[in-house]
file work-v4.cif (mmCIF, C-alpha atoms and all ligand atoms)
data_model
#
loop_
_atom_site.label_atom_id
_atom_site.label_comp_id
_atom_site.auth_asym_id
_atom_site.auth_seq_id
_atom_site.Cartn_x
_atom_site.Cartn_y
_atom_site.Cartn_z
CA MET T 1176 -28.92 -14.42 -13.38
CA ASP T 1177 -31.99 -14.59 -11.16
CA LYS T 1178 -31.51 -12.20 -8.25
CA SER T 1179 -33.17 -14.59 -5.84
CA ASN T 1180 -30.39 -17.12 -6.49
CA LEU T 1181 -27.81 -14.55 -5.52
CA ASN T 1182 -29.70 -13.64 -2.37
CA LYS T 1183 -30.05 -17.31 -1.56
CA ILE T 1184 -26.32 -17.92 -1.57
CA TYR T 1185 -25.76 -14.74 0.44
CA GLU T 1186 -28.21 -16.10 3.01
CA GLU T 1187 -26.43 -19.45 3.01
CA LEU T 1188 -23.23 -17.55 3.77
CA GLY T 1189 -24.85 -15.92 6.78
CA LEU T 1190 -26.28 -12.59 5.60
CA SER T 1191 -29.74 -11.48 6.59
CA ASP T 1192 -32.12 -10.01 4.02
CA LYS T 1193 -32.05 -6.59 5.68
CA VAL T 1194 -28.27 -6.36 5.28
CA ILE T 1195 -28.50 -7.55 1.66
CA ALA T 1196 -31.17 -4.97 0.85
CA TYR T 1197 -29.38 -2.09 2.59
CA CYS T 1198 -26.09 -2.79 0.82
CA SER T 1199 -27.71 -3.28 -2.54
CA GLU T 1200 -29.25 0.18 -2.40
CA ILE T 1201 -25.84 1.75 -1.70
CA GLU T 1202 -24.17 -0.24 -4.46
CA ASP T 1203 -26.66 1.03 -7.03
CA LYS T 1204 -25.46 4.60 -6.44
CA LEU T 1205 -21.81 3.83 -7.07
CA SER T 1206 -21.84 2.72 -10.70
CA GLN T 1207 -20.35 5.96 -12.07
CA ARG T 1208 -17.47 5.89 -9.57
CA PHE T 1209 -16.78 2.29 -10.45
CA ILE T 1210 -16.60 3.15 -14.15
CA SER T 1211 -13.87 5.71 -13.53
CA ILE T 1212 -11.91 3.22 -11.40
CA ASP T 1213 -12.15 0.72 -14.24
CA LYS T 1214 -10.74 3.33 -16.66
CA VAL T 1215 -7.62 3.78 -14.53
CA ALA T 1216 -7.28 0.00 -14.28
CA GLU T 1217 -7.61 -0.29 -18.05
CA PHE T 1218 -4.83 2.23 -18.58
CA ASN T 1219 -2.53 0.59 -16.04
CA GLN T 1220 -3.26 -2.85 -17.49
CA LEU T 1221 -2.13 -1.67 -20.91
CA LYS T 1222 0.93 0.09 -19.49
CA ILE T 1223 2.04 -3.17 -17.84
CA LEU T 1224 1.20 -5.24 -20.91
CA LYS T 1225 3.25 -2.92 -23.11
CA ALA T 1226 6.24 -3.11 -20.75
CA MET T 1227 6.08 -6.92 -20.90
CA GLN T 1228 5.84 -6.90 -24.71
CA ASP T 1229 8.59 -4.30 -25.15
CA ASN T 1230 10.91 -6.45 -23.04
CA ARG T 1231 10.00 -9.55 -25.09
CA LEU T 1232 8.85 -11.47 -22.04
CA SER T 1233 9.00 -15.18 -22.73
CA ASP T 1234 8.70 -18.42 -20.78
CA VAL T 1235 12.49 -18.70 -20.52
CA HIS T 1236 12.16 -15.83 -18.02
CA PHE T 1237 10.12 -17.98 -15.66
CA ALA T 1238 12.96 -20.39 -14.90
CA ALA T 1239 14.28 -20.66 -11.37
CA THR T 1240 17.90 -19.93 -10.54
CA THR T 1241 19.80 -21.05 -7.44
CA GLY T 1242 23.08 -20.29 -5.72
CA TYR T 1243 24.59 -16.93 -6.64
CA GLY T 1244 22.03 -16.36 -9.35
CA TYR T 1245 24.45 -15.01 -11.96
CA ASN T 1246 22.87 -14.20 -15.33
CA ASP T 1247 19.33 -14.64 -14.06
CA MET T 1248 17.55 -13.39 -17.19
CA GLY T 1249 14.13 -13.67 -15.64
CA ARG T 1250 15.12 -11.48 -12.69
CA ASP T 1251 16.86 -8.92 -14.90
CA THR T 1252 13.91 -8.77 -17.30
CA LEU T 1253 11.43 -8.34 -14.43
CA GLU T 1254 13.50 -5.38 -13.30
CA ARG T 1255 13.40 -3.92 -16.83
CA VAL T 1256 9.61 -4.36 -16.86
CA TYR T 1257 9.26 -2.58 -13.50
CA ALA T 1258 11.54 0.23 -14.66
CA ASP T 1259 9.38 0.72 -17.77
CA VAL T 1260 6.08 0.57 -15.88
CA PHE T 1261 7.33 3.23 -13.47
CA ARG T 1262 9.00 5.24 -16.30
CA ALA T 1263 12.23 4.94 -14.33
CA GLU T 1264 15.84 4.30 -15.30
CA ASP T 1265 16.29 1.13 -13.29
CA ALA T 1266 14.70 -1.17 -10.74
CA LEU T 1267 15.59 -3.64 -8.03
CA VAL T 1268 12.77 -6.19 -7.60
CA ARG T 1269 13.73 -9.07 -5.38
CA PRO T 1270 12.39 -11.81 -3.13
CA GLN T 1271 15.40 -10.97 -0.93
CA LEU T 1272 13.67 -7.67 -0.13
CA ILE T 1273 11.51 -9.34 2.47
CA SER T 1274 8.98 -6.55 3.12
CA GLY T 1275 8.18 -2.91 2.49
CA THR T 1276 10.10 -1.86 5.57
CA HIS T 1277 13.12 -3.81 4.38
CA ALA T 1278 12.99 -2.26 0.88
CA LEU T 1279 12.79 1.22 2.43
CA THR T 1280 15.67 0.40 4.77
CA VAL T 1281 17.85 -0.77 1.88
CA ALA T 1282 17.02 2.32 -0.20
CA LEU T 1283 17.83 4.63 2.71
CA ALA T 1284 20.94 2.89 3.99
CA GLY T 1285 22.34 2.42 0.48
CA ASN T 1286 22.07 6.10 -0.34
CA LEU T 1287 22.99 7.82 2.93
CA ARG T 1288 26.39 8.33 4.53
CA PRO T 1289 27.46 9.60 7.96
CA HIS T 1290 26.53 13.25 8.60
CA ASP T 1291 23.76 13.18 6.00
CA GLU T 1292 20.34 14.29 7.12
CA ILE T 1293 16.92 12.92 6.18
CA ILE T 1294 13.89 15.19 6.02
CA SER T 1295 10.28 14.02 6.14
CA PRO T 1296 8.21 16.98 4.89
CA VAL T 1297 4.92 15.12 5.45
CA GLY T 1298 5.04 14.50 9.20
CA LYS T 1299 5.73 11.27 11.01
CA PRO T 1300 6.59 8.28 8.80
CA TYR T 1301 5.04 4.81 9.01
CA ASP T 1302 5.55 3.16 12.42
CA THR T 1303 8.21 0.67 11.38
CA LEU T 1304 10.32 3.47 9.85
CA GLU T 1305 10.70 5.06 13.27
CA GLY T 1306 13.04 2.29 14.33
CA VAL T 1307 14.85 2.26 10.98
CA ILE T 1308 15.60 5.98 11.07
CA GLY T 1309 16.17 5.98 14.81
CA ILE T 1310 13.32 8.29 15.78
CA LYS T 1311 12.80 5.52 18.31
CA PRO T 1312 16.19 4.25 19.46
CA ARG T 1313 16.91 0.83 17.90
CA LYS T 1314 20.08 -1.19 17.44
CA GLY T 1315 21.42 -0.65 13.93
CA SER T 1316 19.25 2.38 13.16
CA LEU T 1317 20.48 5.03 10.73
CA ALA T 1318 20.93 7.33 13.72
CA GLU T 1319 23.58 4.95 15.07
CA TYR T 1320 25.51 5.49 11.82
CA GLY T 1321 25.50 9.25 12.29
CA ILE T 1322 22.56 10.02 10.02
CA SER T 1323 20.27 12.68 11.43
CA TYR T 1324 16.57 13.26 10.86
CA ARG T 1325 14.21 16.18 10.77
CA GLN T 1326 10.46 16.22 10.31
CA VAL T 1327 8.12 18.97 9.18
CA GLU T 1328 4.45 18.47 10.08
CA LEU T 1329 1.68 19.00 7.57
CA LEU T 1330 -0.47 22.03 8.32
CA PRO T 1331 -3.79 21.38 10.08
CA ASP T 1332 -5.65 21.39 6.74
CA GLY T 1333 -3.30 18.67 5.43
CA SER T 1334 -1.33 20.97 3.11
CA PHE T 1335 2.47 21.34 3.02
CA ASP T 1336 4.22 23.77 5.35
CA TRP T 1337 6.32 25.41 2.62
CA ASP T 1338 8.09 27.82 4.98
CA GLY T 1339 8.79 25.08 7.50
CA ILE T 1340 10.24 22.84 4.78
CA ARG T 1341 12.43 25.65 3.44
CA ALA T 1342 13.72 26.36 6.95
CA ALA T 1343 14.44 22.69 7.67
CA ILE T 1344 16.57 22.06 4.56
CA ASN T 1345 20.26 22.64 5.31
CA ASP T 1346 23.74 21.76 4.02
CA ASN T 1347 23.46 18.22 5.35
CA THR T 1348 20.02 17.46 3.91
CA ARG T 1349 20.60 14.55 1.56
CA LEU T 1350 17.30 12.73 1.24
CA ALA T 1351 13.61 13.57 1.54
CA THR T 1352 11.33 10.68 2.45
CA ILE T 1353 7.79 11.27 1.24
CA GLN T 1354 5.09 8.83 2.29
CA ARG T 1355 2.30 8.75 -0.29
CA SER T 1356 -0.31 6.88 1.75
CA LYS T 1357 -1.56 8.11 5.08
CA GLY T 1358 -0.99 4.57 6.31
CA TYR T 1359 -2.70 4.35 9.68
CA ALA T 1360 -2.49 8.07 10.43
CA SER T 1361 -5.33 10.53 10.08
CA ARG T 1362 -3.76 12.89 7.54
CA PRO T 1363 -4.87 12.85 3.90
CA THR T 1364 -3.12 10.58 1.40
CA LEU T 1365 -1.12 12.54 -1.17
CA SER T 1366 -2.01 12.51 -4.84
CA VAL T 1367 0.88 11.92 -7.24
CA GLU T 1368 0.36 15.46 -8.51
CA LYS T 1369 0.84 16.91 -5.01
CA ILE T 1370 3.96 14.78 -4.55
CA GLY T 1371 5.28 16.33 -7.78
CA GLU T 1372 4.68 19.83 -6.44
CA LEU T 1373 6.52 18.98 -3.23
CA ILE T 1374 9.49 17.48 -5.08
CA ARG T 1375 9.79 20.53 -7.36
CA PHE T 1376 9.81 22.77 -4.30
CA ILE T 1377 12.49 20.74 -2.50
CA LYS T 1378 14.69 20.61 -5.62
CA SER T 1379 14.30 24.37 -6.12
CA ILE T 1380 15.88 24.87 -2.70
CA LYS T 1381 18.51 22.13 -2.92
CA PRO T 1382 18.70 20.28 -6.25
CA ASP T 1383 20.82 17.38 -4.98
CA VAL T 1384 18.32 16.18 -2.36
CA ILE T 1385 17.30 12.62 -3.25
CA CYS T 1386 13.50 12.50 -3.21
CA MET T 1387 12.32 9.04 -2.17
CA VAL T 1388 8.64 8.14 -2.13
CA ASP T 1389 7.27 5.40 0.13
CA ASN T 1390 4.74 4.18 -2.43
CA CYS T 1391 3.12 1.45 -0.28
CA TYR T 1392 -0.61 1.04 -0.98
CA GLY T 1393 -0.48 3.68 -3.74
CA GLU T 1394 0.60 1.69 -6.80
CA PHE T 1395 -1.85 1.74 -9.73
CA VAL T 1396 -4.47 3.76 -7.88
CA ASP T 1397 -3.61 6.62 -10.25
CA ALA T 1398 -2.55 6.47 -13.88
CA ILE T 1399 0.86 7.93 -13.04
CA GLU T 1400 3.43 7.01 -10.40
CA PRO T 1401 5.69 9.33 -8.37
CA THR T 1402 8.71 8.53 -10.60
CA GLU T 1403 6.84 10.39 -13.37
CA VAL T 1404 6.73 13.62 -11.37
CA GLY T 1405 10.36 13.80 -10.29
CA ALA T 1406 10.78 11.16 -7.57
CA ASP T 1407 14.35 9.84 -7.65
CA LEU T 1408 13.31 6.64 -5.89
CA CYS T 1409 9.99 4.90 -5.37
CA VAL T 1410 9.75 1.97 -2.96
CA GLY T 1411 7.10 -0.57 -2.05
CA SER T 1412 6.09 -4.08 -1.01
CA LEU T 1413 5.07 -6.91 -3.31
CA ILE T 1414 2.57 -8.29 -0.80
CA LYS T 1415 0.63 -5.09 -1.31
CA ASN T 1416 -0.60 -3.61 -4.61
CA PRO T 1417 2.04 -4.49 -7.24
CA GLY T 1418 2.21 -8.18 -6.31
CA GLY T 1419 -1.42 -8.53 -7.34
CA GLY T 1420 -2.03 -11.00 -4.51
CA LEU T 1421 0.15 -13.64 -6.18
CA ALA T 1422 3.64 -12.55 -5.13
CA PRO T 1423 4.53 -14.69 -2.09
CA ILE T 1424 7.26 -12.25 -0.94
CA GLY T 1425 9.28 -9.30 -2.19
CA GLY T 1426 9.87 -5.61 -2.46
CA TYR T 1427 10.85 -3.15 -5.16
CA ILE T 1428 12.99 -0.04 -5.48
CA VAL T 1429 12.72 1.88 -8.77
CA GLY T 1430 14.21 5.17 -9.88
CA LYS T 1431 17.46 6.78 -11.01
CA ALA T 1432 20.03 4.16 -11.96
CA GLU T 1433 22.67 5.49 -9.58
CA TYR T 1434 20.41 5.37 -6.54
CA VAL T 1435 18.98 1.95 -7.41
CA GLU T 1436 22.54 0.68 -7.77
CA ASN T 1437 23.50 2.13 -4.37
CA ALA T 1438 20.56 0.27 -2.87
CA ALA T 1439 21.67 -2.95 -4.59
CA TYR T 1440 25.17 -2.63 -3.10
CA ARG T 1441 23.53 -2.47 0.27
CA LEU T 1442 21.13 -5.37 -0.32
CA THR T 1443 23.87 -7.74 -1.53
CA ALA T 1444 27.42 -6.41 -1.10
CA PRO T 1445 29.58 -3.54 -2.35
CA GLY T 1446 30.93 -4.59 -5.72
CA LEU T 1447 28.26 -7.27 -6.23
CA GLY T 1448 25.06 -5.21 -6.43
CA LYS T 1449 22.40 -6.33 -8.88
CA GLU T 1450 24.54 -9.06 -10.46
CA VAL T 1451 23.66 -11.65 -7.83
CA GLY T 1452 20.56 -12.91 -6.05
CA ALA T 1453 18.88 -16.15 -7.14
CA SER T 1454 15.18 -15.93 -7.89
CA LEU T 1455 14.45 -19.43 -6.51
CA GLY T 1456 11.34 -20.00 -8.61
CA VAL T 1457 9.18 -17.09 -7.52
CA LEU T 1458 9.42 -15.15 -10.79
CA PRO T 1459 6.24 -16.52 -12.43
CA SER T 1460 4.14 -15.19 -9.53
CA LEU T 1461 5.92 -11.85 -9.55
CA TYR T 1462 5.24 -11.42 -13.28
CA GLN T 1463 1.69 -12.71 -13.16
CA GLY T 1464 0.92 -10.76 -9.99
CA LEU T 1465 2.12 -7.54 -11.59
CA PHE T 1466 -0.01 -8.33 -14.64
CA LEU T 1467 -3.14 -8.78 -12.47
CA SER T 1468 -2.36 -5.91 -10.12
CA PRO T 1469 -4.40 -3.13 -11.80
CA GLN T 1470 -7.50 -5.34 -11.61
CA VAL T 1471 -6.85 -6.27 -7.98
CA VAL T 1472 -6.20 -2.65 -7.00
CA ALA T 1473 -9.48 -1.68 -8.70
CA ALA T 1474 -11.30 -4.34 -6.66
CA ALA T 1475 -9.77 -3.05 -3.44
CA LEU T 1476 -10.68 0.53 -4.34
CA LYS T 1477 -14.27 -0.40 -5.08
CA GLY T 1478 -14.45 -2.17 -1.74
CA ALA T 1479 -13.07 0.87 0.07
CA ILE T 1480 -15.56 3.21 -1.60
CA TYR T 1481 -18.43 0.80 -0.99
CA ALA T 1482 -17.57 0.56 2.71
CA ALA T 1483 -17.14 4.31 3.04
CA ASN T 1484 -20.60 4.86 1.61
CA ILE T 1485 -22.28 2.17 3.69
CA TYR T 1486 -20.79 3.26 7.00
CA GLU T 1487 -21.14 6.96 6.22
CA SER T 1488 -24.83 6.50 5.51
CA LEU T 1489 -25.19 4.82 8.91
CA GLY T 1490 -23.74 7.93 10.56
CA PHE T 1491 -20.16 6.78 11.23
CA ASP T 1492 -17.09 8.92 10.48
CA VAL T 1493 -15.18 7.56 7.51
CA LEU T 1494 -11.82 8.61 6.06
CA PRO T 1495 -11.69 9.21 3.13
CA ASN T 1496 -15.37 10.09 2.92
CA GLY T 1497 -17.73 8.37 0.52
CA ALA T 1498 -17.36 10.93 -2.27
CA GLU T 1499 -13.64 11.81 -2.10
CA GLU T 1500 -11.13 10.96 -4.77
CA ARG T 1501 -8.85 8.08 -3.73
CA HIS T 1502 -5.06 7.95 -3.70
CA ASP T 1503 -4.55 4.70 -1.81
CA ILE T 1504 -6.57 1.60 -0.91
CA ILE T 1505 -6.91 2.12 2.86
CA GLN T 1506 -10.28 2.92 4.41
CA ALA T 1507 -10.74 4.06 7.99
CA VAL T 1508 -14.11 3.76 9.73
CA THR T 1509 -14.62 5.13 13.23
CA LEU T 1510 -17.08 2.89 15.02
CA ASN T 1511 -17.07 4.56 18.47
CA SER T 1512 -16.88 1.43 20.64
CA ALA T 1513 -14.64 -1.56 21.28
CA GLU T 1514 -17.53 -3.92 20.71
CA ALA T 1515 -18.20 -2.43 17.29
CA VAL T 1516 -14.60 -2.72 16.02
CA ILE T 1517 -14.42 -6.29 17.31
CA ALA T 1518 -17.68 -7.16 15.55
CA PHE T 1519 -16.45 -5.52 12.33
CA CYS T 1520 -13.21 -7.51 12.36
CA LYS T 1521 -15.07 -10.74 13.12
CA GLY T 1522 -17.18 -10.08 10.03
CA ILE T 1523 -14.13 -9.58 7.80
CA GLN T 1524 -12.59 -12.79 9.19
CA ALA T 1525 -15.80 -14.76 8.70
CA ALA T 1526 -15.82 -13.69 5.04
CA ALA T 1527 -12.27 -14.93 4.33
CA PRO T 1528 -11.42 -17.84 2.01
CA VAL T 1529 -8.78 -19.03 4.53
CA ASP T 1530 -9.37 -19.40 8.28
CA SER T 1531 -12.96 -18.19 8.11
CA HIS T 1532 -13.71 -20.53 11.03
CA VAL T 1533 -11.35 -18.79 13.45
CA THR T 1534 -12.42 -15.85 15.59
CA PRO T 1535 -10.05 -12.92 15.90
CA GLU T 1536 -9.61 -11.51 19.42
CA PRO T 1537 -7.82 -8.36 20.62
CA TRP T 1538 -4.34 -9.05 21.98
CA ASP T 1539 -1.39 -7.23 23.45
CA MET T 1540 0.72 -6.99 20.29
CA PRO T 1541 4.39 -6.03 20.72
CA GLY T 1542 5.06 -2.45 19.68
CA TYR T 1543 1.59 -1.14 20.50
CA ASP T 1544 0.48 0.72 23.59
CA CYS T 1545 -2.95 -0.96 23.66
CA ASP T 1546 -4.61 -4.21 22.54
CA VAL T 1547 -5.00 -4.67 18.79
CA ILE T 1548 -7.43 -6.84 16.84
CA MET T 1549 -6.58 -8.11 13.37
CA ALA T 1550 -8.68 -9.91 10.81
CA ALA T 1551 -6.93 -11.67 7.97
CA GLY T 1552 -7.70 -14.85 6.14
CA ALA T 1553 -5.10 -14.54 3.45
CA PHE T 1554 -3.44 -16.97 1.03
CA VAL T 1555 -0.15 -15.12 1.66
CA GLN T 1556 0.67 -14.51 5.32
CA GLY T 1557 0.29 -10.85 6.23
CA SER T 1558 -0.72 -9.85 2.72
CA SER T 1559 -2.71 -6.65 2.93
CA ILE T 1560 -3.75 -6.54 -0.71
CA GLU T 1561 -6.01 -9.38 0.41
CA LEU T 1562 -9.07 -8.33 2.40
CA SER T 1563 -7.84 -7.50 5.89
CA ALA T 1564 -8.72 -5.23 8.79
CA ASP T 1565 -7.16 -4.15 12.02
CA ALA T 1566 -7.95 -1.83 14.87
CA PRO T 1567 -6.24 -0.65 18.02
CA ILE T 1568 -8.70 -1.05 20.90
CA ARG T 1569 -8.75 2.56 22.05
CA PRO T 1570 -10.88 5.66 21.44
CA PRO T 1571 -12.08 6.75 18.95
CA PHE T 1572 -12.27 3.04 17.97
CA THR T 1573 -11.25 3.31 14.36
CA VAL T 1574 -10.91 0.23 12.19
CA PHE T 1575 -8.58 0.35 9.18
CA PHE T 1576 -9.23 -2.02 6.39
CA GLN T 1577 -7.90 -2.62 2.92
CA GLY T 1578 -7.63 -5.05 0.09
CA GLY T 1579 -9.76 -7.62 -1.61
CA LEU T 1580 -8.46 -9.74 -4.47
CA THR T 1581 -11.79 -9.46 -6.25
CA TRP T 1582 -14.52 -6.84 -5.99
CA HIS T 1583 -17.12 -9.47 -5.16
CA HIS T 1584 -15.08 -10.74 -2.25
CA ALA T 1585 -14.38 -7.23 -0.92
CA LYS T 1586 -18.09 -6.53 -1.18
CA PHE T 1587 -19.05 -9.69 0.66
CA GLY T 1588 -16.51 -8.98 3.42
CA ILE T 1589 -18.00 -5.56 4.01
CA MET T 1590 -21.54 -6.95 4.00
CA MET T 1591 -20.40 -9.51 6.56
CA SER T 1592 -18.91 -6.77 8.78
CA LEU T 1593 -22.28 -5.02 8.68
CA GLN T 1594 -24.03 -8.30 9.48
CA LYS T 1595 -21.98 -8.68 12.66
CA LEU T 1596 -22.78 -5.12 13.76
CA PHE T 1597 -26.43 -5.78 13.03
CA GLU T 1598 -26.52 -9.12 14.89
CA ASN T 1599 -24.90 -7.51 17.91
CA GLY T 1600 -27.52 -4.79 18.00
CA ILE T 1601 -24.93 -2.07 17.34
CA ILE T 1602 -26.82 -0.77 14.32
CA LYS T 1603 -30.46 -0.88 13.28
CA LEU T 1604 -31.52 -1.38 9.68
C1 LIG V 1701 2.93 -1.28 4.70
C2 LIG V 1701 3.68 -0.03 4.71
C3 LIG V 1701 5.06 0.03 4.93
C4 LIG V 1701 5.92 -1.15 5.28
O1 LIG V 1701 5.38 -2.30 5.18
P1 LIG V 1701 5.79 -3.78 5.56
O2 LIG V 1701 4.73 -4.21 6.48
O3 LIG V 1701 7.13 -3.77 6.16
O4 LIG V 1701 5.78 -4.46 4.25
C5 LIG V 1701 5.67 1.25 4.88
N1 LIG V 1701 4.97 2.36 4.62
C6 LIG V 1701 3.66 2.35 4.38
C7 LIG V 1701 2.94 3.63 4.09
C8 LIG V 1701 2.96 1.17 4.42
O5 LIG V 1701 1.66 1.15 4.18
#
call {"tool": "encode", "arguments": {"input": "work-v4.cif", "output": "structure tokens", "more": "lines below"}}
Ligand SMILES: *Cc1c(COP(=O)(O)O)cnc(C)c1O
result
Amino acid sequence: MDKSNLNKIYEELGLSDKVIAYCSEIEDKLSQRFISIDKVAEFNQLKILKAMQDNRLSDVHFAATTGYGYNDMGRDTLERVYADVFRAEDALVRPQLISGTHALTVALAGNLRPHDEIISPVGKPYDTLEGVIGIKPRKGSLAEYGISYRQVELLPDGSFDWDGIRAAINDNTRLATIQRSKGYASRPTLSVEKIGELIRFIKSIKPDVICMVDNCYGEFVDAIEPTEVGADLCVGSLIKNPGGGLAPIGGYIVGKAEYVENAAYRLTAPGLGKEVGASLGVLPSLYQGLFLSPQVVAAALKGAIYAANIYESLGFDVLPNGAEERHDIIQAVTLNSAEAVIAFCKGIQAAAPVDSHVTPEPWDMPGYDCDVIMAAGAFVQGSSIELSADAPIRPPFTVFFQGGLTWHHAKFGIMMSLQKLFENGIIKL
């Protein structure tokens, strides 16, 4: 296609020729990285395809069930497919798991009993887990049920504190919660290999500790998943990576059959477990979303790397940096001023397919100690596998962004963020 046609439509969408030229130069340098991302996506695509074929997926599995949902073949087959993809014994994949936090809560509460202790060997868990565990006092937290918690910080260089972990494990230690992604913290994201090392160490000290990985944002970034390196449970959200942008709701718990079953008894009721839970017609999107997921994750990864390289070359701090290997889809960019993070988020919003005409503003969001700005123009509310960005309005003024259902959309969103910084005189090109 004629390049001038492409530039013309970019200009119609609001980009100036300086922004187009600057971004195009950066993109040209990334082709090798993109090839290796595509290789991982190719492998994961085939892994998922094979799991669907091996389980003889057929259109009878797309039927909706209602009521109790007994004998829901589509639901049971989806769980077999997930178990195979994650090389796990069993899986619980349900629209009744309403978010990642809920799936983690069900996995924890189903497998812990009074006097058990949880250890997090990777520092503070994701914000919402603080209330679940009871690190922050909340009604109904695990702490209220007599489950205690201990945390071992990562060392300043981001590595594991082996001695600290050894010292923290005791007779009551029952479950280790290992968060793969840094989430919105500033520590490094863990590779699956590193998670495997950590699990082997924990099991060498106390073999019956259940090792649970919070896999949010990590699925299909690598060619292996934590269940392949010893994780007993792996948990995530379907409105992130594995839903491929199509899942309208849901969470998953995969791993050892016994622990998945314990989680199921908690999600439904003791004695009922996995046998019930109507799928209500969402199964086609859960299957199709999983099928598309490797491609969508690759798009999001390319977007993250593209942004890291653009903003790094303009002198901003980026985490991970432009050259680093990736283990999740989140990109942090430190923009040094409130005006810059607001402009960035306005650019992401202006690039959205939904609600591109609305302007995000910082607001006093419950649960935060400062104003927060969020940009999201998603087909599925709150979906963060779709291009989205958010930033707390406080120093050092870091914006976190992730997602993009297609590479070309992620790319355009990032160009648009740069456009807004440029128009506001925050950067010169
Ligand atoms: C998103 C996320 C969660 C929980 O997510 P929900 O918003 O409840 O779906 C938990 N841990 C990590 C690391 C996450 O990124």
call {"tool": "residues_near_ligand", "arguments": {"input": "work-v4.cif", "ligand": "ligand LIG 1701 (chain V)", "cutoff": "7 Å", "atoms": "all atoms listed in the file", "output": "list in words"}}
result
Ser1274, Gly1275, Thr1276, His1277, Tyr1301, Thr1303, Gln1354, Arg1355, Ser1356, Lys1357, Gly1358, Asp1389, Asn1390, Cys1391, Tyr1392 and Ser1412 of chain T
call {"tool": "residues_near_point", "arguments": {"input": "work-v4.cif", "point": "(-18.1, 3.4, -1.8)", "cutoff": "12 Å", "atoms": "all atoms listed in the file", "output": "PyMOL selection string"}}
result
chain T and resi 1198-1209+1212+1474-1488+1493-1501+1504+1506+1582+1585-1586+1589
call {"tool": "closest_residue", "arguments": {"input": "work-v4.cif", "among": "T:Val1533, T:Ala1453, T:Met1387, T:Leu1465", "to": "Val1256 in chain T", "atoms": "all atoms listed in the file"}}
result
T:Leu1465
call {"tool": "residues_around", "arguments": {"input": "work-v4.cif", "residues": "Met1590 in chain T", "least_positions_apart": "6", "cutoff": "8 Å", "atoms": "only C-alpha atoms", "output": "number ranges by chain"}}
result
T: 1190, 1194-1195, 1198
call {"tool": "residues_around", "arguments": {"input": "work-v4.cif", "residues": "Ile1294 in chain T", "least_positions_apart": "5", "cutoff": "9 Å", "atoms": "all atoms listed in the file", "output": "PyMOL selection string"}}
result
chain T and resi 1323-1327+1340+1343-1344+1348-1353
call {"tool": "residues_around", "arguments": {"input": "work-v4.cif", "residues": "Pro1417 in chain T", "least_positions_apart": "4", "cutoff": "9 Å", "atoms": "only C-alpha atoms", "output": "list in words"}}
result
Tyr1392, Glu1394, Phe1395, Gly1411, Ser1412, Leu1413, Ala1422, Leu1461, Gly1464, Leu1465, Phe1466, Leu1467, Ser1468, Pro1469, Val1472 and Ile1560 of chain T
call {"tool": "atom_distance", "arguments": {"input": "work-v4.cif", "atom1": "CA of Val1396 in chain T", "atom2": "CA of Glu1328 in chain T"}}
result
24.9 Å
call {"tool": "residues_around", "arguments": {"input": "work-v4.cif", "residues": "range 1517-1520 of chain T", "least_positions_apart": "4", "cutoff": "10 Å", "atoms": "all atoms listed in the file", "output": "VMD selection string"}}
result
chain T and resid 1508 1510 1512 to 1513 1524 to 1526 1534 to 1537 1547 to 1551 1563 to 1568 1572 1574 to 1576 1588 to 1599 1601
call {"tool": "closest_residue", "arguments": {"input": "work-v4.cif", "among": "T:Val1384, T:Leu1317, T:Ala1263, T:Val1297", "to": "Gly1430 in chain T", "atoms": "only C-alpha atoms"}}
result
T:Ala1263
call {"tool": "decode", "arguments": {"input": "work-v4.cif", "residues": "range 1216-1221 of chain T", "atoms": "N, CA, C and O atoms", "output": "tab-separated table (two decimals), in the first residue's frame"}}
result
chain	number	residue	atom	x	y	z
T	1216	ALA	N	3.85	-16.61	20.16
T	1216	ALA	CA	2.41	-16.65	19.85
T	1216	ALA	C	2.08	-17.86	18.98
T	1216	ALA	O	1.04	-18.51	19.18
T	1217	GLU	N	2.96	-18.17	18.05
T	1217	GLU	CA	2.73	-19.32	17.17
T	1217	GLU	C	2.67	-20.60	18.00
T	1217	GLU	O	1.76	-21.42	17.87
T	1218	PHE	N	3.64	-20.74	18.90
T	1218	PHE	CA	3.67	-21.93	19.75
T	1218	PHE	C	2.39	-22.03	20.60
T	1218	PHE	O	1.75	-23.07	20.66
T	1219	ASN	N	2.04	-20.92	21.25
T	1219	ASN	CA	0.86	-20.94	22.12
T	1219	ASN	C	-0.43	-21.18	21.33
T	1219	ASN	O	-1.35	-21.83	21.81
T	1220	GLN	N	-0.47	-20.63	20.11
T	1220	GLN	CA	-1.64	-20.87	19.25
T	1220	GLN	C	-1.82	-22.37	19.01
T	1220	GLN	O	-2.92	-22.91	19.10
T	1221	LEU	N	-0.70	-23.03	18.71
T	1221	LEU	CA	-0.77	-24.46	18.39
T	1221	LEU	C	-1.09	-25.29	19.63
T	1221	LEU	O	-1.81	-26.28	19.57
